[in-house]
file query.cif (mmCIF, C-alpha atoms)
data_coords
loop_
_atom_site.label_atom_id
_atom_site.label_comp_id
_atom_site.auth_asym_id
_atom_site.auth_seq_id
_atom_site.Cartn_x
_atom_site.Cartn_y
_atom_site.Cartn_z
CA GLU A 1 0.00 0.00 0.00
CA SER A 2 2.08 2.94 -1.34
CA ARG A 3 4.93 3.86 1.00
CA ASP A 4 3.87 1.30 3.62
CA GLY A 5 4.43 -1.59 1.22
CA LEU A 6 2.46 -4.65 2.27
CA VAL A 7 -0.18 -4.27 5.01
CA LEU A 8 -2.01 -7.19 6.60
CA HIS A 9 -5.68 -6.49 7.34
CA PHE A 10 -7.45 -8.91 9.67
CA GLU A 11 -10.41 -9.16 12.03
CA LEU A 12 -10.76 -10.76 15.47
CA SER A 13 -13.88 -12.53 16.68
CA ASN A 14 -13.75 -10.81 20.08
CA GLN A 15 -12.92 -7.36 21.36
CA VAL A 16 -9.43 -6.86 22.82
CA GLU A 17 -7.54 -3.98 24.40
CA LEU A 18 -5.00 -2.73 21.85
CA GLN A 19 -1.93 -2.56 24.11
CA ASN A 20 -2.59 -6.01 25.57
CA PHE A 21 -3.12 -7.34 22.04
CA LYS A 22 0.27 -5.97 20.92
CA GLU A 23 1.98 -7.68 23.85
CA HIS A 24 0.54 -11.07 22.91
CA LEU A 25 0.94 -10.90 19.13
CA LYS A 26 4.02 -12.70 17.74
CA LEU A 27 5.24 -13.17 14.17
CA THR A 28 7.77 -15.77 13.03
CA PRO A 29 10.10 -14.87 11.43
CA GLU A 30 10.26 -11.56 13.28
CA LEU A 31 8.77 -8.56 11.46
CA PRO A 32 11.08 -5.51 11.79
CA GLY A 33 9.26 -2.28 12.51
CA MET A 34 6.03 -4.11 13.36
CA SER A 35 3.09 -1.89 14.31
CA VAL A 36 -0.56 -2.70 14.90
CA GLU A 37 -3.41 -0.23 14.42
CA ARG A 38 -7.10 -0.60 15.10
CA GLU A 39 -9.08 0.32 11.98
CA TYR A 40 -12.62 0.00 13.30
CA GLY A 41 -14.47 -2.39 15.59
CA ASN A 42 -12.49 -5.63 15.74
CA SER A 43 -10.59 -4.92 12.50
CA TYR A 44 -6.85 -4.25 12.59
CA SER A 45 -3.93 -3.56 10.28
CA LEU A 46 -0.43 -4.93 10.73
CA LYS A 47 2.45 -3.00 9.18
CA GLY A 48 6.17 -3.64 9.06
CA GLN A 49 9.08 -4.53 6.83
CA TRP A 50 7.57 -7.59 5.16
CA ASP A 51 9.62 -9.80 2.86
CA SER A 52 8.27 -10.82 -0.53
CA LYS A 53 6.71 -14.27 -0.90
CA GLN A 54 7.72 -15.27 2.62
CA ASP A 55 6.02 -17.82 4.91
CA TYR A 56 5.05 -16.31 8.26
CA GLU A 57 3.37 -17.71 11.36
CA MET A 58 1.13 -15.35 13.30
CA ALA A 59 0.51 -16.32 16.94
CA LEU A 60 -1.69 -15.07 19.78
CA THR A 61 -0.09 -16.14 23.06
CA PRO A 62 -1.70 -17.12 26.39
CA GLY A 63 -2.70 -14.23 28.63
CA LEU A 64 -4.45 -12.21 25.91
CA LYS A 65 -7.59 -10.72 27.43
CA PHE A 66 -10.72 -10.66 25.29
CA GLY A 67 -14.46 -10.24 25.58
CA GLY A 68 -14.20 -8.21 28.75
CA ALA A 69 -13.14 -10.77 31.37
CA GLU A 70 -11.92 -13.85 29.47
CA GLU A 71 -8.29 -14.77 28.90
CA LEU A 72 -6.62 -16.88 26.23
CA LYS A 73 -5.35 -20.18 27.67
CA GLU A 74 -3.54 -21.69 24.66
CA THR A 75 -1.55 -20.30 21.77
CA ILE A 76 -3.49 -19.76 18.54
CA THR A 77 -1.50 -19.73 15.28
CA ARG A 78 -2.28 -18.91 11.68
CA ALA A 79 -0.01 -19.36 8.65
CA LEU A 80 0.26 -16.75 5.91
CA VAL A 81 2.30 -16.17 2.77
CA THR A 82 3.06 -12.65 1.56
CA GLU A 83 2.77 -11.34 -1.96
CA ALA A 84 5.63 -9.50 -3.67
CA VAL A 85 6.34 -6.22 -1.90
CA PRO A 86 5.36 -3.47 -4.38
CA THR A 87 7.74 -0.91 -5.80
CA TYR A 88 7.58 2.63 -4.47
CA LEU A 89 8.96 6.00 -5.49
CA GLY A 90 8.29 9.24 -3.65
CA PHE A 91 9.81 12.40 -2.25
CA GLY A 92 10.48 12.91 1.43
CA HIS A 93 8.77 15.65 3.43
CA GLU A 94 5.06 15.06 2.97
CA GLY A 95 2.87 17.82 1.55
CA LYS A 96 4.14 20.96 -0.16
CA PHE A 97 7.88 21.41 -0.01
CA TYR A 98 9.57 24.76 0.21
CA PHE A 99 13.13 25.42 -0.92
CA PRO A 100 14.91 28.45 0.49
CA ARG A 101 17.24 30.23 -1.89
CA GLN A 102 20.12 30.20 0.57
CA GLY A 103 22.41 27.18 0.47
CA GLY A 104 22.14 24.17 -1.81
CA LEU A 105 18.97 22.65 -3.16
CA SER A 106 18.50 19.18 -1.69
CA LEU A 107 15.55 16.86 -1.29
CA PRO A 108 15.39 13.16 -0.32
CA LEU A 109 13.95 10.66 -2.80
CA GLU A 110 12.57 7.45 -1.27
CA SER A 111 12.44 4.26 -3.31
CA ARG A 112 11.77 0.56 -2.88
CA ASN A 113 12.68 -2.10 -5.44
CA VAL A 114 13.38 0.60 -8.05
CA ALA A 115 16.77 0.59 -9.79
CA LYS A 116 16.42 3.52 -12.17
CA ALA A 117 14.29 6.64 -12.29
CA LYS A 118 14.00 9.86 -14.25
CA LEU A 119 13.73 13.30 -12.68
CA SER A 120 11.90 15.95 -14.69
CA LEU A 121 11.56 19.62 -13.79
CA TYR A 122 8.76 21.94 -14.90
CA LYS A 123 8.42 25.66 -14.23
CA LEU A 124 4.94 27.04 -13.71
CA PHE A 125 4.11 29.95 -15.99
CA PRO A 126 3.42 32.96 -13.72
CA SER A 127 0.24 33.74 -15.66
CA ASN A 128 -1.05 30.24 -14.84
CA LEU A 129 -0.49 30.45 -11.09
CA VAL A 130 -4.11 31.22 -10.19
CA VAL A 131 -5.68 28.49 -12.34
CA ALA A 132 -3.05 25.98 -11.18
CA LEU A 133 -3.88 26.69 -7.52
CA ARG A 134 -7.58 26.41 -8.32
CA ASP A 135 -7.03 23.01 -9.92
CA MET A 136 -5.09 21.85 -6.87
CA GLY A 137 -8.03 22.77 -4.65
CA GLN A 138 -10.66 21.17 -6.86
CA GLN A 139 -8.72 17.94 -7.40
CA GLU A 140 -7.40 17.78 -3.81
CA GLN A 141 -3.86 17.28 -5.04
CA SER A 142 -0.69 18.71 -3.53
CA THR A 143 1.02 19.72 -6.78
CA PRO A 144 -0.28 21.56 -9.85
CA THR A 145 -0.61 19.71 -13.13
CA ILE A 146 2.38 20.02 -15.42
CA SER A 147 0.04 21.18 -18.19
CA TRP A 148 0.32 24.68 -16.67
CA SER A 149 4.13 24.50 -16.80
CA LYS A 150 7.03 24.31 -19.21
CA PRO A 151 9.74 21.60 -19.06
CA THR A 152 13.13 22.97 -18.04
CA GLY A 153 15.31 19.89 -17.58
CA SER A 154 15.61 16.21 -16.72
CA LYS A 155 18.09 13.81 -15.15
CA ASP A 156 18.45 10.01 -15.06
CA LEU A 157 19.12 8.41 -11.67
CA ASN A 158 20.68 5.11 -10.67
CA LEU A 159 19.17 4.09 -7.33
CA THR A 160 20.42 1.68 -4.68
CA VAL A 161 18.19 -1.37 -4.23
CA GLN A 162 17.85 -3.17 -0.90
CA LYS A 163 15.23 -5.79 -1.66
CA ASP A 164 11.83 -4.92 -0.16
CA ARG A 165 13.25 -2.04 1.90
CA LEU A 166 12.88 1.73 1.59
CA VAL A 167 16.07 3.43 0.47
CA GLU A 168 16.64 7.18 0.72
CA THR A 169 18.68 8.98 -1.93
CA ALA A 170 19.79 12.56 -1.30
CA LEU A 171 19.16 14.63 -4.42
CA ASN A 172 21.44 17.56 -5.19
CA LEU A 173 19.25 19.63 -7.46
CA ASN A 174 21.43 22.69 -8.06
CA GLU A 175 22.36 21.59 -11.59
CA LEU A 176 18.71 20.87 -12.40
CA PHE A 177 17.54 24.35 -11.39
CA PRO A 178 19.25 26.87 -13.72
CA ASP A 179 16.67 29.47 -12.69
CA LYS A 180 16.75 29.99 -8.94
CA ARG A 181 13.41 31.79 -8.66
CA GLY A 182 9.84 30.70 -9.29
CA VAL A 183 7.32 27.92 -8.73
CA PHE A 184 8.35 24.51 -10.02
CA VAL A 185 7.03 20.97 -10.22
CA LEU A 186 9.65 18.26 -9.73
CA GLN A 187 8.55 14.85 -11.00
CA ALA A 188 10.15 11.45 -10.44
CA GLU A 189 9.17 8.38 -12.45
CA GLU A 190 10.53 4.87 -12.54
CA THR A 191 12.26 3.80 -15.73
CA LYS A 192 10.01 0.77 -16.09
CA GLU A 193 12.08 -1.33 -18.43
CA THR A 194 14.95 -1.33 -15.94
CA THR A 195 13.02 -2.26 -12.79
CA ALA A 196 15.17 -4.00 -10.17
CA SER A 197 13.42 -7.33 -10.82
CA GLU A 198 11.00 -7.00 -13.73
CA ASP A 199 9.61 -10.51 -13.48
CA GLU A 200 8.92 -10.19 -9.74
CA TYR A 201 7.59 -6.65 -9.53
CA SER A 202 5.06 -6.32 -12.34
CA TRP A 203 3.44 -3.12 -11.04
CA SER A 204 5.18 0.24 -11.38
CA PRO A 205 4.33 3.40 -9.43
CA GLY A 206 3.06 6.37 -11.37
CA PRO A 207 4.92 9.69 -11.49
CA GLU A 208 5.46 11.31 -8.10
CA SER A 209 5.49 15.10 -7.97
CA LYS A 210 6.67 17.71 -5.51
CA LEU A 211 5.89 21.42 -5.52
CA VAL A 212 9.04 23.53 -5.24
CA LEU A 213 8.92 27.24 -4.39
CA ILE A 214 12.15 29.19 -4.71
CA THR A 215 11.92 32.78 -3.50
CA GLN A 216 13.56 35.26 -1.18
CA MET A 217 10.41 37.32 -0.77
CA GLY A 218 7.91 37.05 2.07
CA LEU A 219 4.49 38.70 2.18
CA LEU A 220 2.19 39.51 5.08
CA ALA A 221 -1.39 40.63 4.47
CA HIS A 222 -4.37 41.64 6.56
CA TRP A 223 -7.67 43.38 6.08
CA ARG A 224 -8.38 46.74 7.71
CA ASP A 225 -12.05 47.40 7.05
CA SER A 226 -12.28 47.47 3.23
CA GLU A 227 -8.55 48.02 2.77
CA LEU A 228 -6.02 45.24 2.16
CA VAL A 229 -2.65 46.07 3.75
CA LEU A 230 0.41 44.14 2.57
CA PHE A 231 4.02 44.09 3.75
CA ALA A 232 6.72 42.68 1.45
CA HIS A 233 9.98 41.68 3.13
CA ASP A 234 13.14 39.65 2.72
CA LEU A 235 12.50 36.14 4.06
CA TYR A 236 15.80 35.96 5.92
CA SER A 237 16.62 39.48 7.12
CA LEU A 238 12.95 40.61 7.31
CA ALA A 239 14.09 43.88 5.73
CA PRO A 240 11.29 45.66 3.84
CA LEU A 241 11.30 45.38 0.05
CA PRO A 242 10.54 48.75 -1.57
CA SER A 243 9.17 49.09 -5.12
CA ALA A 244 7.90 45.49 -5.20
CA LYS A 245 4.94 45.08 -7.53
CA ILE A 246 2.02 43.21 -5.95
CA SER A 247 -0.99 42.00 -7.95
CA ILE A 248 -4.23 40.52 -6.59
CA TYR A 249 -6.20 38.05 -8.69
CA SER A 250 -9.58 36.38 -8.29
CA GLU A 251 -10.01 32.61 -8.47
CA LYS A 252 -11.17 33.19 -12.05
CA ASN A 253 -7.76 34.70 -12.86
CA GLN A 254 -9.10 38.24 -13.11
CA LEU A 255 -6.90 41.13 -11.96
CA LEU A 256 -8.58 42.79 -8.96
CA GLY A 257 -5.91 45.30 -8.03
CA GLU A 258 -2.21 46.00 -7.95
CA GLY A 259 0.33 48.42 -6.55
CA ASN A 260 3.99 48.99 -5.66
CA THR A 261 5.34 48.91 -2.13
CA ASP A 262 6.70 52.09 -0.54
CA ALA A 263 10.07 52.57 1.18
CA GLN A 264 8.74 50.60 4.20
CA GLY A 265 7.69 47.69 2.00
CA MET A 266 3.99 48.54 2.50
CA VAL A 267 1.16 48.86 0.00
CA HIS A 268 -2.51 49.64 0.68
CA LEU A 269 -5.07 48.34 -1.82
CA THR A 270 -8.72 49.40 -1.97
CA LYS A 271 -11.62 49.56 -4.43
CA PHE A 272 -11.03 46.16 -5.92
CA ASP A 273 -12.49 45.50 -9.36
CA GLU A 274 -15.10 42.75 -9.27
#
call {"tool": "encode", "arguments": {"input": "query.cif", "output": "structure tokens"}}
result
Amino acid sequence: ESRDGLVLHFELSNQVELQNFKEHLKLTPELPGMSVEREYGNSYSLKGQWDSKQDYEMALTPGLKFGGAEELKETITRALVTEAVPTYLGFGHEGKFYFPRQGGLSLPLESRNVAKAKLSLYKLFPSNLVVALRDMGQQEQSTPTISWSKPTGSKDLNLTVQKDRLVETALNLNELFPDKRGVFVLQAEETKETTASEDEYSWSPGPESKLVLITQMGLLAHWRDSELVLFAHDLYSLAPLPSAKISIYSEKNQLLGEGNTDAQGMVHLTKFDE
């Protein structure tokens, strides 16, 4: 299941207390990183670093309390065999990712059972910013579609493979970002024909995207009655930015108002066009 890999879903016939259940649940061979979560009612999920096509024995040991006052007297076991652990490719740092302009550009790429991947970079056209943000809201996605962007570069990656385990690769993206200002979409996709084990892992993850914002400008805004007051400043020194042009757009990409900041980095906007 995506980054988690394989997840075992199961249901018990009686109600148990979660902590007591964890103490009396054993897997052979041992499952590294094992965690148990209650999904609903008597349904649970078991996560961990499963091995592909491996025989496991799941045991509930004596002392497990269930049904309120009863207690398990004998060990109960069940045998199971796992499927192939699926491939995975994704960026670290969940949600939107922000790159400061100071220092190098780095971002971790997580992979599992993927030997090669391609990085592609797209720069969002400034005129498409409003419609791209609207699409993100409507489609409940964390990155704008690349259809609102232009391709600016790509890079092939050779990734380390530790069978069935997540591997993190530090990406140095300075050479991929010739333009160090703007809104970008960074996309990673497995090179399918060179999967670590093509015959074993038949499913390939789709492209994974990360929103990248490179800027040195910060902006604070608040309403004062019918007036919108904005303060433009340097993100790091907090020094005001004079003569910065600020434009306000509607969700339909219509210009509502604009102005330039004064020596204190302030601009006051009123009488918005509707």
call {"tool": "resolve_selection", "arguments": {"input": "query.cif", "expression": "the PyMOL selection byres ((chain A and resi 260) around 7)", "output": "PyMOL selection string"}}
result
chain A and resi 243-246+259+261-262+267
call {"tool": "residues_around", "arguments": {"input": "query.cif", "residues": "Gly265 of chain A", "least_positions_apart": "6", "cutoff": "12 Å", "atoms": "all atoms listed in the file", "output": "PyMOL selection string"}}
result
chain A and resi 217-221+229-234+238-246+259
call {"tool": "resolve_selection", "arguments": {"input": "query.cif", "expression": "the PyMOL selection byres ((chain A and resi 16-18) around 10)", "output": "ChimeraX atom specification"}}
result
/A:12-15,19-23,36-38,41-42,44,64-68,70
call {"tool": "resolve_selection", "arguments": {"input": "query.cif", "expression": "the PyMOL selection byres ((chain A and resi 151-154) around 12)", "output": "PyMOL selection string"}}
result
chain A and resi 117-125+146-150+155-157+173-179+184-189
call {"tool": "closest_residue", "arguments": {"input": "query.cif", "among": "A:Leu60, A:Val131, A:Leu166, A:Leu211", "to": "Leu72 of chain A", "atoms": "only C-alpha atoms"}}
result
A:Leu60
call {"tool": "closest_residue", "arguments": {"input": "query.cif", "among": "A:Leu235, A:Arg112, A:Lys252, A:His24", "to": "Arg165 of chain A", "atoms": "all atoms listed in the file"}}
result
A:Arg112
call {"tool": "atom_distance", "arguments": {"input": "query.cif", "atom1": "atom CA of Ile214 of chain A", "atom2": "atom CA of Leu89 of chain A"}}
result
23.4 Å
call {"tool": "closest_residue", "arguments": {"input": "query.cif", "among": "A:Thr61, A:Gln54, A:Asn158, A:Ser45", "to": "Leu25 of chain A", "atoms": "only C-alpha atoms"}}
result
A:Thr61
call {"tool": "closest_residue", "arguments": {"input": "query.cif", "among": "A:Ser43, A:Thr169, A:Gln49, A:Ser106", "to": "Pro29 of chain A", "atoms": "only C-alpha atoms"}}
result
A:Gln49
call {"tool": "atom_distance", "arguments": {"input": "query.cif", "atom1": "atom CA of Asp4 of chain A", "atom2": "atom CA of Thr191 of chain A"}}
result
21.2 Å
call {"tool": "atom_distance", "arguments": {"input": "query.cif", "atom1": "atom CA of Lys53 of chain A", "atom2": "atom CA of Val85 of chain A"}}
result
8.1 Å
call {"tool": "residues_around", "arguments": {"input": "query.cif", "residues": "Ser35 of chain A", "least_positions_apart": "3", "cutoff": "8 Å", "atoms": "all atoms listed in the file", "output": "number ranges by chain"}}
result
A: 46-48
call {"tool": "closest_residue", "arguments": {"input": "query.cif", "among": "A:Leu31, A:Thr145, A:Asn113, A:Tyr40", "to": "Glu11 of chain A", "atoms": "all atoms listed in the file"}}
result
A:Tyr40
call {"tool": "closest_residue", "arguments": {"input": "query.cif", "among": "A:Thr87, A:Gln162, A:Tyr236, A:His93", "to": "Glu190 of chain A", "atoms": "all atoms listed in the file"}}
result
A:Thr87
call {"tool": "residues_near_point", "arguments": {"input": "query.cif", "point": "(11.9, -12.0, 9.9)", "cutoff": "12 Å", "atoms": "all atoms listed in the file", "output": "ChimeraX atom specification"}}
result
/A:26-34,48-52,54-58
call {"tool": "write_last_selection", "arguments": {"input": "query.cif", "atoms": "C-alpha atoms", "output": "PDB file, keeping the file's coordinate frame"}}
result
ATOM      1  CA  LYS A  26       4.020 -12.700  17.740  1.00  0.00           C
ATOM      2  CA  LEU A  27       5.240 -13.170  14.170  1.00  0.00           C
ATOM      3  CA  THR A  28       7.770 -15.770  13.030  1.00  0.00           C
ATOM      4  CA  PRO A  29      10.100 -14.870  11.430  1.00  0.00           C
ATOM      5  CA  GLU A  30      10.260 -11.560  13.280  1.00  0.00           C
ATOM      6  CA  LEU A  31       8.770  -8.560  11.460  1.00  0.00           C
ATOM      7  CA  PRO A  32      11.080  -5.510  11.790  1.00  0.00           C
ATOM      8  CA  GLY A  33       9.260  -2.280  12.510  1.00  0.00           C
ATOM      9  CA  MET A  34       6.030  -4.110  13.360  1.00  0.00           C
ATOM     10  CA  GLY A  48       6.170  -3.640   9.060  1.00  0.00           C
ATOM     11  CA  GLN A  49       9.080  -4.530   6.830  1.00  0.00           C
ATOM     12  CA  TRP A  50       7.570  -7.590   5.160  1.00  0.00           C
ATOM     13  CA  ASP A  51       9.620  -9.800   2.860  1.00  0.00           C
ATOM     14  CA  SER A  52       8.270 -10.820  -0.530  1.00  0.00           C
ATOM     15  CA  GLN A  54       7.720 -15.270   2.620  1.00  0.00           C
ATOM     16  CA  ASP A  55       6.020 -17.820   4.910  1.00  0.00           C
ATOM     17  CA  TYR A  56       5.050 -16.310   8.260  1.00  0.00           C
ATOM     18  CA  GLU A  57       3.370 -17.710  11.360  1.00  0.00           C
ATOM     19  CA  MET A  58       1.130 -15.350  13.300  1.00  0.00           C
TER      20      MET A  58
END
call {"tool": "residues_near_point", "arguments": {"input": "query.cif", "point": "(18.9, -0.2, -6.5)", "cutoff": "10 Å", "atoms": "only C-alpha atoms", "output": "PDB file with C-alpha atoms, keeping the file's coordinate frame"}}
result
ATOM      1  CA  SER A 111      12.440   4.260  -3.310  1.00  0.00           C
ATOM      2  CA  ARG A 112      11.770   0.560  -2.880  1.00  0.00           C
ATOM      3  CA  ASN A 113      12.680  -2.100  -5.440  1.00  0.00           C
ATOM      4  CA  VAL A 114      13.380   0.600  -8.050  1.00  0.00           C
ATOM      5  CA  ALA A 115      16.770   0.590  -9.790  1.00  0.00           C
ATOM      6  CA  LYS A 116      16.420   3.520 -12.170  1.00  0.00           C
ATOM      7  CA  ASN A 158      20.680   5.110 -10.670  1.00  0.00           C
ATOM      8  CA  LEU A 159      19.170   4.090  -7.330  1.00  0.00           C
ATOM      9  CA  THR A 160      20.420   1.680  -4.680  1.00  0.00           C
ATOM     10  CA  VAL A 161      18.190  -1.370  -4.230  1.00  0.00           C
ATOM     11  CA  GLN A 162      17.850  -3.170  -0.900  1.00  0.00           C
ATOM     12  CA  LYS A 163      15.230  -5.790  -1.660  1.00  0.00           C
ATOM     13  CA  VAL A 167      16.070   3.430   0.470  1.00  0.00           C
ATOM     14  CA  THR A 195      13.020  -2.260 -12.790  1.00  0.00           C
ATOM     15  CA  ALA A 196      15.170  -4.000 -10.170  1.00  0.00           C
ATOM     16  CA  SER A 197      13.420  -7.330 -10.820  1.00  0.00           C
TER      17      SER A 197
END
